[in-house]
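input34.txt (compact mmCIF, C-alpha atoms)
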```txt
# COMPACT_ATOMS: atom_id res chain seq x y z
CA MET A 1369 179.26 -159.75 1.32
CA SER A 1370 179.20 -160.75 -2.36
CA GLN A 1371 181.94 -159.83 -4.80
CA SER A 1372 179.45 -157.66 -6.71
CA ALA A 1373 178.57 -155.70 -3.61
CA SER A 1374 182.24 -155.29 -2.76
CA ASN A 1375 182.92 -153.82 -6.19
CA HIS A 1376 180.24 -151.20 -5.72
CA GLU A 1377 181.49 -150.24 -2.28
CA SER A 1378 185.15 -149.91 -3.33
CA ARG A 1379 186.94 -146.60 -3.30
CA THR A 1380 187.30 -144.42 -6.35
CA SER A 1381 190.54 -142.64 -7.32
CA LEU A 1382 191.25 -139.70 -9.60
CA ALA A 1383 192.85 -142.21 -11.99
CA ASP A 1384 189.46 -143.94 -12.21
CA TYR A 1385 187.88 -140.70 -13.42
CA ARG A 1386 190.56 -140.45 -16.11
CA THR A 1387 190.00 -144.07 -17.15
CA ALA A 1388 186.24 -143.59 -17.43
CA LEU A 1389 186.30 -140.31 -19.32
CA THR A 1390 189.02 -141.38 -21.77
CA THR A 1391 187.37 -144.68 -22.69
CA ARG A 1392 187.28 -144.53 -26.48
CA ALA A 1393 183.74 -145.84 -26.95
CA ALA A 1394 182.41 -143.35 -24.39
CA ARG A 1395 183.76 -140.17 -25.96
CA ARG A 1396 181.04 -139.44 -28.52
CA PRO A 1397 178.05 -140.34 -26.31
CA ALA A 1398 179.57 -138.44 -23.36
CA VAL A 1399 179.90 -135.22 -25.38
CA ALA A 1400 176.41 -135.66 -26.84
CA ALA A 1401 175.00 -136.28 -23.37
CA VAL A 1402 176.45 -132.96 -22.20
CA LEU A 1403 174.59 -131.14 -25.00
CA ALA A 1404 171.35 -132.96 -24.18
CA ARG A 1405 171.51 -132.43 -20.40
CA LEU A 1406 173.03 -128.95 -20.21
CA PRO A 1407 169.68 -127.18 -20.79
CA ILE A 1408 167.63 -129.34 -18.39
CA ALA A 1409 167.46 -126.69 -15.66
CA MET A 1410 167.44 -123.88 -18.22
CA ILE A 1411 164.32 -125.09 -20.06
CA GLY A 1412 162.04 -125.22 -17.01
CA ILE A 1413 162.95 -121.74 -15.78
CA SER A 1414 162.92 -120.30 -19.31
CA ALA A 1415 159.42 -121.66 -19.84
CA LEU A 1416 158.28 -120.29 -16.47
CA LEU A 1417 159.63 -116.80 -17.20
CA TYR A 1418 158.36 -116.84 -20.80
CA VAL A 1419 154.81 -117.80 -19.80
CA GLN A 1420 154.79 -115.22 -17.02
CA ARG A 1421 156.04 -112.51 -19.39
CA GLU A 1422 153.35 -113.26 -21.98
CA THR A 1423 150.42 -113.90 -19.63
CA GLY A 1424 151.37 -111.54 -16.80
CA SER A 1425 150.54 -114.28 -14.30
CA PHE A 1426 152.88 -116.30 -12.11
CA ALA A 1427 149.91 -118.53 -11.26
CA VAL A 1428 149.51 -119.61 -14.89
CA ALA A 1429 153.26 -119.97 -15.27
CA GLY A 1430 153.36 -122.16 -12.16
CA LEU A 1431 150.62 -124.42 -13.51
CA VAL A 1432 152.47 -124.88 -16.79
CA SER A 1433 155.67 -125.68 -14.85
CA ALA A 1434 153.78 -128.19 -12.69
CA GLY A 1435 152.34 -129.82 -15.80
CA SER A 1436 155.85 -130.18 -17.20
CA LEU A 1437 157.05 -131.84 -13.96
CA VAL A 1438 154.20 -134.35 -14.13
CA GLY A 1439 155.15 -135.10 -17.72
CA VAL A 1440 158.81 -135.63 -16.80
CA SER A 1441 157.80 -137.97 -13.94
CA VAL A 1442 155.80 -140.19 -16.28
CA GLY A 1443 158.20 -139.91 -19.20
CA ALA A 1444 161.24 -140.92 -17.16
CA VAL A 1445 159.76 -144.34 -16.35
CA VAL A 1446 158.09 -144.97 -19.72
CA GLN A 1447 161.18 -144.02 -21.71
CA GLY A 1448 163.42 -145.99 -19.36
CA ARG A 1449 161.39 -149.14 -19.89
CA LEU A 1450 161.42 -148.64 -23.68
CA ILE A 1451 165.19 -148.05 -23.64
CA ASP A 1452 165.75 -151.26 -21.66
CA ARG A 1453 163.55 -153.24 -24.02
CA PHE A 1454 164.52 -151.87 -27.44
CA GLY A 1455 167.84 -150.12 -26.83
CA PRO A 1456 168.16 -146.30 -26.68
CA THR A 1457 168.39 -145.35 -30.37
CA ARG A 1458 164.77 -145.69 -31.52
CA PRO A 1459 163.08 -144.37 -28.36
CA LEU A 1460 165.37 -141.34 -28.10
CA LEU A 1461 164.98 -140.42 -31.76
CA ALA A 1462 161.21 -140.70 -31.45
CA VAL A 1463 160.91 -138.53 -28.34
CA ALA A 1464 163.37 -135.97 -29.76
CA LEU A 1465 161.03 -135.50 -32.72
CA LEU A 1466 158.01 -135.38 -30.40
CA LEU A 1467 159.73 -132.77 -28.20
CA ALA A 1468 160.43 -130.51 -31.19
CA MET A 1469 156.77 -130.73 -32.25
CA ALA A 1470 155.46 -130.23 -28.70
CA MET A 1471 157.67 -127.21 -28.14
CA ALA A 1472 156.57 -125.64 -31.43
CA ALA A 1473 152.95 -126.14 -30.35
CA LEU A 1474 153.64 -124.69 -26.89
CA VAL A 1475 155.36 -121.58 -28.27
CA THR A 1476 152.49 -121.05 -30.71
CA ALA A 1477 149.97 -121.42 -27.89
CA ILE A 1478 151.86 -118.98 -25.66
CA GLU A 1479 152.17 -116.39 -28.42
CA SER A 1480 148.46 -116.70 -29.29
CA HIS A 1481 147.47 -116.42 -25.59
CA ALA A 1482 145.69 -119.77 -25.57
CA ALA A 1483 143.57 -120.87 -22.62
CA THR A 1484 145.39 -121.99 -19.48
CA PRO A 1485 144.32 -125.68 -19.77
CA VAL A 1486 145.83 -125.79 -23.26
CA LEU A 1487 149.12 -124.36 -22.00
CA VAL A 1488 149.20 -126.82 -19.10
CA ALA A 1489 148.49 -129.79 -21.40
CA LEU A 1490 151.24 -128.76 -23.80
CA GLY A 1491 153.59 -128.21 -20.88
CA ALA A 1492 152.89 -131.77 -19.74
CA LEU A 1493 153.53 -133.06 -23.27
CA THR A 1494 156.89 -131.30 -23.45
CA GLY A 1495 157.88 -132.85 -20.11
CA LEU A 1496 156.73 -136.28 -21.25
CA SER A 1497 158.81 -136.01 -24.44
CA GLU A 1498 161.99 -134.69 -22.78
CA PRO A 1499 164.63 -137.21 -23.96
CA MET A 1500 165.89 -139.21 -21.00
CA VAL A 1501 169.50 -139.14 -22.13
CA GLY A 1502 170.56 -139.12 -18.48
CA SER A 1503 168.97 -142.54 -17.88
CA ALA A 1504 170.50 -143.99 -21.03
CA SER A 1505 173.91 -142.42 -20.35
CA ARG A 1506 174.02 -143.78 -16.83
CA ALA A 1507 173.03 -147.26 -18.03
CA LEU A 1508 175.56 -147.09 -20.88
CA TRP A 1509 178.48 -146.81 -18.45
CA GLY A 1510 177.49 -150.22 -17.12
CA ARG A 1511 178.01 -151.61 -20.62
CA LEU A 1512 181.26 -149.79 -21.34
CA LEU A 1513 183.10 -150.36 -18.05
CA PRO A 1514 183.51 -153.42 -15.79
CA PRO A 1515 182.42 -153.23 -12.14
CA GLY A 1516 184.88 -151.36 -9.95
CA GLY A 1517 186.45 -147.96 -9.47
CA ALA A 1518 186.20 -146.68 -13.05
CA ARG A 1519 182.48 -147.46 -13.28
CA ASN A 1520 181.87 -145.85 -9.88
CA ALA A 1521 183.81 -142.79 -11.07
CA ALA A 1522 181.57 -142.63 -14.14
CA PHE A 1523 178.48 -142.62 -11.92
CA SER A 1524 180.02 -139.85 -9.79
CA TYR A 1525 180.73 -137.89 -12.95
CA GLU A 1526 177.06 -138.19 -13.95
CA ALA A 1527 175.92 -136.77 -10.60
CA ILE A 1528 178.53 -134.02 -10.49
CA SER A 1529 177.89 -132.89 -14.06
CA MET A 1530 174.16 -132.65 -13.35
CA GLU A 1531 174.89 -130.35 -10.41
CA VAL A 1532 177.02 -128.15 -12.67
CA PHE A 1533 174.16 -127.97 -15.18
CA PHE A 1534 171.74 -126.97 -12.42
CA ILE A 1535 174.15 -124.21 -11.38
CA LEU A 1536 174.51 -122.84 -14.91
CA GLY A 1537 170.93 -123.34 -16.11
CA PRO A 1538 169.07 -120.76 -14.01
CA GLY A 1539 171.68 -118.07 -14.67
CA VAL A 1540 171.62 -118.62 -18.43
CA ALA A 1541 167.81 -118.63 -18.42
CA GLY A 1542 167.75 -115.36 -16.48
CA LEU A 1543 170.01 -113.72 -19.05
CA LEU A 1544 168.17 -115.05 -22.11
CA VAL A 1545 164.75 -113.95 -20.87
CA MET A 1546 166.05 -110.40 -21.27
CA ALA A 1547 166.59 -110.99 -25.00
CA PRO A 1548 164.30 -109.11 -27.44
CA TRP A 1549 162.08 -112.21 -27.55
CA ALA A 1550 161.31 -113.82 -24.17
CA GLY A 1551 161.07 -117.30 -25.69
CA THR A 1552 164.73 -117.31 -26.79
CA GLY A 1553 165.95 -119.38 -23.83
CA LEU A 1554 163.20 -121.96 -24.25
CA VAL A 1555 163.82 -122.49 -27.97
CA LEU A 1556 167.61 -122.53 -27.58
CA GLY A 1557 167.39 -125.02 -24.73
CA VAL A 1558 165.15 -127.37 -26.67
CA ALA A 1559 167.38 -127.10 -29.75
CA LEU A 1560 170.40 -128.16 -27.67
CA GLN A 1561 168.45 -130.97 -26.06
CA VAL A 1562 167.15 -132.35 -29.37
CA THR A 1563 170.58 -132.08 -30.99
CA GLY A 1564 172.30 -133.80 -28.08
CA ALA A 1565 169.71 -136.58 -27.94
CA VAL A 1566 170.01 -137.31 -31.67
CA LEU A 1567 173.83 -137.32 -31.57
CA PHE A 1568 173.77 -139.57 -28.49
CA ALA A 1569 171.28 -141.99 -30.06
CA LEU A 1570 173.32 -142.29 -33.26
CA SER A 1571 176.75 -142.74 -31.63
CA PRO A 1572 178.31 -146.18 -32.33
CA ALA A 1573 178.36 -147.35 -28.69
CA VAL A 1574 174.67 -146.55 -28.29
CA ARG A 1575 173.64 -148.09 -31.61
CA ALA A 1576 175.47 -151.27 -30.56
CA TRP A 1577 173.11 -151.49 -27.57
CA GLY A 1578 170.40 -153.70 -28.98
CA PRO A 1579 167.09 -154.97 -27.58
CA SER A 1580 167.29 -156.74 -24.23
CA ALA A 1581 166.92 -160.49 -24.08
CA GLU A 1582 165.80 -160.29 -20.45
CA SER A 1583 162.23 -161.06 -19.42
CA HIS A 1584 159.92 -158.10 -18.85
CA GLY A 1585 156.95 -160.06 -17.53
CA SER A 1586 156.36 -158.02 -14.37
CA LEU A 1587 154.17 -154.95 -14.66
CA LEU A 1588 156.18 -153.42 -11.85
CA GLY A 1589 159.36 -153.65 -13.91
CA ALA A 1590 162.30 -152.34 -11.88
CA LEU A 1591 160.06 -151.79 -8.82
CA ALA A 1592 159.58 -155.56 -8.52
CA SER A 1593 162.82 -155.49 -6.51
CA PRO A 1594 162.33 -154.61 -2.80
CA GLY A 1595 165.74 -152.90 -2.83
CA MET A 1596 164.63 -150.75 -5.76
CA ARG A 1597 161.57 -149.63 -3.80
CA THR A 1598 163.83 -148.71 -0.86
CA LEU A 1599 166.07 -146.72 -3.23
CA ALA A 1600 163.04 -144.90 -4.65
CA LEU A 1601 161.97 -144.00 -1.10
CA ALA A 1602 165.44 -142.56 -0.39
CA ALA A 1603 165.25 -140.55 -3.61
CA LEU A 1604 161.78 -139.32 -2.65
CA GLY A 1605 163.11 -138.09 0.70
CA PHE A 1606 165.99 -136.36 -1.08
CA GLY A 1607 163.50 -134.53 -3.32
CA VAL A 1608 161.20 -133.61 -0.42
CA VAL A 1609 164.00 -131.89 1.53
CA ILE A 1610 165.20 -129.97 -1.52
CA GLY A 1611 161.63 -128.96 -2.39
CA PHE A 1612 161.12 -127.44 1.06
CA VAL A 1613 164.37 -125.48 0.82
CA GLU A 1614 163.74 -124.23 -2.73
CA VAL A 1615 160.67 -122.38 -1.47
CA ALA A 1616 161.93 -121.34 1.96
CA VAL A 1617 165.20 -119.78 0.74
CA PRO A 1618 163.61 -117.30 -1.71
CA ALA A 1619 161.01 -116.56 0.99
CA SER A 1620 163.83 -115.73 3.41
CA ALA A 1621 165.37 -113.37 0.87
CA THR A 1622 162.01 -111.70 0.24
CA GLU A 1623 161.40 -111.35 3.95
CA ALA A 1624 164.81 -109.63 4.24
CA GLY A 1625 163.86 -107.19 1.47
CA GLN A 1626 166.31 -108.68 -1.06
CA ALA A 1627 164.14 -110.94 -3.20
CA SER A 1628 166.65 -110.93 -6.08
CA VAL A 1629 169.23 -112.72 -3.90
CA GLY A 1630 167.11 -115.87 -3.52
CA GLY A 1631 168.45 -117.54 -6.66
CA LEU A 1632 172.06 -116.82 -5.71
CA LEU A 1633 171.52 -118.38 -2.29
CA LEU A 1634 170.23 -121.57 -3.91
CA SER A 1635 173.31 -121.66 -6.12
CA ALA A 1636 175.49 -121.63 -3.00
CA TRP A 1637 174.67 -125.16 -1.99
CA SER A 1638 175.16 -126.41 -5.55
CA LEU A 1639 178.71 -125.05 -5.47
CA SER A 1640 179.62 -126.93 -2.29
CA SER A 1641 177.79 -129.98 -3.62
CA VAL A 1642 180.07 -130.21 -6.65
CA ALA A 1643 183.25 -129.63 -4.63
CA PHE A 1644 182.41 -132.11 -1.90
CA GLY A 1645 180.98 -134.61 -4.39
CA VAL A 1646 184.39 -135.26 -5.91
CA ALA A 1647 186.07 -135.58 -2.50
CA TYR A 1648 183.35 -137.92 -1.22
CA SER A 1649 183.66 -140.24 -4.22
CA LEU A 1650 187.33 -140.79 -3.35
CA ARG A 1651 186.43 -142.03 0.15
CA PRO A 1652 182.69 -142.81 0.37
CA TRP A 1653 181.18 -143.51 3.78
CA PRO A 1654 179.48 -145.63 5.08
CA ARG A 1655 181.05 -148.43 3.05
CA ARG A 1656 177.84 -150.47 2.82
CA LEU A 1657 175.28 -149.09 0.37
CA GLY A 1658 172.45 -150.30 2.59
CA LEU A 1659 173.67 -147.93 5.29
CA ARG A 1660 174.85 -145.19 2.94
CA LEU A 1661 171.34 -144.32 1.73
CA PRO A 1662 169.76 -143.60 5.16
CA VAL A 1663 172.91 -142.03 6.65
CA LEU A 1664 173.30 -139.54 3.81
CA LEU A 1665 169.59 -138.66 3.80
CA GLY A 1666 169.53 -138.32 7.57
CA GLY A 1667 172.67 -136.20 7.56
CA PHE A 1668 171.16 -133.99 4.87
CA GLY A 1669 168.01 -133.51 6.94
CA ALA A 1670 170.04 -132.65 10.04
CA LEU A 1671 172.15 -130.08 8.18
CA VAL A 1672 169.07 -128.43 6.69
CA ALA A 1673 167.82 -127.74 10.23
CA LEU A 1674 170.79 -125.37 10.59
CA LEU A 1675 169.25 -123.12 7.92
CA ALA A 1676 166.66 -121.99 10.48
CA TRP A 1677 169.36 -120.60 12.76
CA PRO A 1678 170.96 -117.58 10.94
CA SER A 1679 169.42 -114.15 11.36
CA SER A 1680 171.05 -112.70 8.23
CA LEU A 1681 171.28 -113.70 4.57
CA TRP A 1682 175.07 -113.97 4.88
CA GLY A 1683 174.63 -116.49 7.65
CA LEU A 1684 172.05 -118.36 5.58
CA ALA A 1685 174.50 -118.50 2.66
CA LEU A 1686 177.16 -120.07 4.89
CA MET A 1687 174.72 -122.67 6.17
CA MET A 1688 173.64 -123.38 2.57
CA LEU A 1689 177.25 -124.14 1.68
CA LEU A 1690 177.40 -126.59 4.58
CA ALA A 1691 174.08 -128.30 3.85
CA GLY A 1692 174.84 -128.57 0.14
CA ALA A 1693 177.84 -130.81 0.79
CA LEU A 1694 175.58 -133.90 0.92
CA ILE A 1695 173.64 -133.32 -2.30
CA THR A 1696 175.98 -134.89 -4.87
CA PRO A 1697 177.00 -137.78 -2.55
CA GLN A 1698 173.32 -138.76 -2.38
CA SER A 1699 172.88 -138.57 -6.16
CA THR A 1700 175.99 -140.71 -6.62
CA ALA A 1701 174.78 -143.23 -4.03
CA HIS A 1702 171.43 -143.50 -5.80
CA SER A 1703 173.14 -144.15 -9.13
CA THR A 1704 175.53 -146.71 -7.64
CA ALA A 1705 172.75 -148.52 -5.78
CA ILE A 1706 170.91 -149.16 -9.05
CA GLU A 1707 173.72 -151.53 -10.01
CA VAL A 1708 172.97 -153.56 -6.89
CA VAL A 1709 169.18 -153.53 -6.58
CA ALA A 1710 167.74 -153.20 -10.10
CA PRO A 1711 166.48 -156.43 -11.71
CA ALA A 1712 168.29 -157.64 -14.82
CA GLY A 1713 167.67 -155.58 -17.93
CA THR A 1714 166.01 -152.64 -16.14
CA ALA A 1715 168.89 -150.21 -15.55
CA ALA A 1716 167.43 -147.33 -17.59
CA GLU A 1717 163.94 -147.80 -16.15
CA ALA A 1718 165.40 -147.99 -12.63
CA PHE A 1719 167.12 -144.65 -13.11
CA GLY A 1720 163.82 -143.34 -14.46
CA TRP A 1721 162.12 -144.35 -11.21
CA VAL A 1722 164.80 -142.51 -9.23
CA LEU A 1723 164.19 -139.36 -11.30
CA THR A 1724 160.45 -139.74 -10.85
CA ALA A 1725 160.79 -140.19 -7.08
CA VAL A 1726 162.98 -137.09 -6.80
CA THR A 1727 160.55 -135.07 -8.96
CA LEU A 1728 157.52 -136.14 -6.93
CA GLY A 1729 159.44 -135.34 -3.75
CA LEU A 1730 160.26 -131.88 -5.08
CA ALA A 1731 156.61 -131.24 -5.90
CA ALA A 1732 155.45 -132.44 -2.46
CA GLY A 1733 158.13 -130.50 -0.61
CA GLN A 1734 157.46 -127.29 -2.52
CA SER A 1735 153.70 -127.56 -1.98
CA VAL A 1736 153.92 -128.11 1.79
CA SER A 1737 156.74 -125.61 2.18
CA GLY A 1738 154.65 -122.88 0.57
CA TYR A 1739 151.89 -123.47 3.11
CA VAL A 1740 154.33 -123.52 6.05
CA VAL A 1741 156.06 -120.34 4.87
CA GLU A 1742 152.74 -118.54 4.57
CA HIS A 1743 151.55 -119.54 8.04
CA ALA A 1744 154.74 -119.88 10.12
CA GLY A 1745 157.64 -118.36 8.17
CA PRO A 1746 160.75 -119.70 6.39
CA GLY A 1747 162.42 -120.87 9.61
CA ALA A 1748 159.57 -123.26 10.31
CA ALA A 1749 159.80 -124.58 6.73
CA PHE A 1750 163.50 -125.37 7.20
CA LEU A 1751 162.72 -127.27 10.40
CA ALA A 1752 159.85 -129.11 8.70
CA ALA A 1753 162.24 -130.11 5.88
CA SER A 1754 164.65 -131.48 8.47
CA VAL A 1755 161.97 -133.51 10.24
CA ALA A 1756 160.69 -134.91 6.93
CA GLY A 1757 164.20 -135.92 5.87
CA LEU A 1758 165.00 -137.55 9.21
CA LEU A 1759 161.72 -139.49 9.32
CA LEU A 1760 162.15 -140.82 5.79
CA ALA A 1761 165.78 -141.66 6.57
CA LEU A 1762 164.55 -143.72 9.52
CA VAL A 1763 162.21 -145.67 7.26
CA VAL A 1764 165.02 -146.27 4.74
CA TRP A 1765 167.25 -147.44 7.61
CA LEU A 1766 164.61 -149.94 8.70
CA LEU A 1767 164.53 -151.26 5.12
CA ARG A 1768 168.32 -151.27 4.72
CA GLY A 1769 168.43 -155.06 4.50
CA THR A 1770 166.69 -154.95 1.11
CA VAL A 1771 169.63 -153.09 -0.47
CA ARG A 1772 171.73 -156.08 -1.37
CA SER A 1773 173.02 -157.70 -4.53
CA SER A 1774 170.41 -159.61 -6.47
CA GLU A 1775 171.15 -162.99 -8.01
CA SER A 1776 169.47 -161.65 -11.12
CA ALA A 1777 171.71 -158.61 -11.34
CA PRO A 1778 172.72 -158.09 -14.96
CA VAL A 1779 176.18 -158.79 -16.25
CA PRO A 1780 176.23 -156.53 -19.30
CA GLU A 1781 178.10 -157.38 -22.45
CA LEU A 1782 180.88 -154.81 -22.52
CA VAL A 1783 181.29 -152.74 -25.66
CA ASN A 1784 184.85 -152.75 -26.97
CA ALA A 1785 186.55 -149.76 -25.35
```

Could you spell out this file's structure in structure tokens?
Amino acid sequence: MSQSASNHESRTSLADYRTALTTRAARRPAVAAVLARLPIAMIGISALLYVQRETGSFAVAGLVSAGSLVGVSVGAVVQGRLIDRFGPTRPLLAVALLLAMAMAALVTAIESHAATPVLVALGALTGLSEPMVGSASRALWGRLLPPGGARNAAFSYEAISMEVFFILGPGVAGLLVMAPWAGTGLVLGVALQVTGAVLFALSPAVRAWGPSAESHGSLLGALASPGMRTLALAALGFGVVIGFVEVAVPASATEAGQASVGGLLLSAWSLSSVAFGVAYSLRPWPRRLGLRLPVLLGGFGALVALLAWPSSLWGLALMMLLAGALITPQSTAHSTAIEVVAPAGTAAEAFGWVLTAVTLGLAAGQSVSGYVVEHAGPGAAFLAASVAGLLLALVVWLLRGTVRSSESAPVPELVNA
């Protein structure tokens, strides 16, 4: 095993978290990244509730939400490639301005009860222009910290913080939709996101990140690496399983006559995800990344099968806590694997592909889960999620040999910390 691979498979300690988060050059971009990413989950739900409130239709609201997801899927890759090529400052400032304009247009269209295709198109534009601060932040750690425990801790922090944001976002959105104006949550979320993106883009460590000197001749970009394609497949499977569950859990609550509990049940596995994510980062297993991806995905699929067993919502909540334990470890493994499999100069784009794969998996899982719930019930959807996760884990296991250090792996120029 190469020295690079060994570094990525080393253990992380609590001291490594302290080292990463107290690195002087990282302080300003880390705080700005929190502002930019905090409303990620809040914006989507706020938009969904706002559109439904104004149009009276969940169908229209769902279409606008789907359009936004498509936009995010495309924007994650396009912005990632631009960030790798030109550095983050110019692309992030440009999309922050575009997001502010797109959101103003969307709010105007919603308030004027514009036609559904117009709302969907503007929803897609807002998704496309969502600043990919997460991609840039994750890639920035590779420039601020040398390979080893502190860098791995930084990647774990990125995954754990995102889980926290996804716990807080829906609750905040639910409260703000009750404000005198239903669009309050949407506008506040976008304001935070734009502010955070601008502050991140203008921080000294980010401005020092100039254009890449690496070759970008391949149209495939980061996906030119076989290991990167395997990682994207693992991320797709992760999204598929979650997509199934995100539909089946609220359906279970509705079936039990307590529809309002559905959101709380989904929060349960985020709570265990955060708690177990920290513990897992201290002693990750399996040690080899090539095995870690399929084992974590397969374990996740197996645990999700347990959700079909309980006959009460209390039992379902307990099983959600158990299944959620493998969410953050997978996100961390995806982030760490990028260091190993992404071609030189494509770190931000590679993370964009991971986000896109997860998003597409979510959309596919939710779509199929809705059909299964309608025709066979939530229990069958949980079992279908498990089968899908296990099958995709098997494919990733067969491709495990592609997840290895590349000779072209970048050795970033570290910013003075």

Box time for stretch 1509-1523 of chain A: axis-aligned, enclosing all its listed atoms, 5 Å extra on each side; report centre and edge lengths in Å to one decimal, as JSON.
```
{"center_x": 182.0, "center_y": -148.0, "center_z": -15.4, "size_x": 19.0, "size_y": 20.8, "size_z": 21.9}
```

Note to self: Please list as a PyMOL selection string every residue within 7 Å of stretch 1743-1753 of chain A, counting all atoms listed in the file and excluding residues in the same chain fewer than 6 positions away.
What the structure shows: chain A and resi 1609+1612-1613+1616+1619-1620+1669+1672-1673+1675-1676+1737

Check: Smallest atom-to-atom distance to A:Trp1682: which of A:Gly1630, A:Gly1595, A:Gly1448, A:Pro1514, using all atoms listed in the file?
Finding: A:Gly1630

Item checked: Given all atoms listed in the file as the counted atoms, nearest of A:Val1722, A:Ala1429, A:Val1399, A:Met1596 to A:Ile1413 -> A:Ala1429

Margin query: Report, in Å to a single decimal, how far apart atom CA of A:Arg1405 and atom CA of A:Leu1639 are.
Written below: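 Rounded to one decimal, the two atoms are 18.1 Å apart.
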
Item checked: Coordinates-based distance that separates atom CA of A:Val1475 from atom CA of A:Leu1554 (Å, one decimal) ->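 Answer for the atom CA of A:Leu1554 to atom CA of A:Val1475 separation: 8.8 Å.
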
Next item on the list: Tell me which protein, DNA and RNA residues are within 6 Å of A:Leu1671, counting only C-alpha atoms, leaving out same-chain ones fewer than 3 positions away, and put them as number ranges by chain.
Entry: A: 1668, 1674, 1691
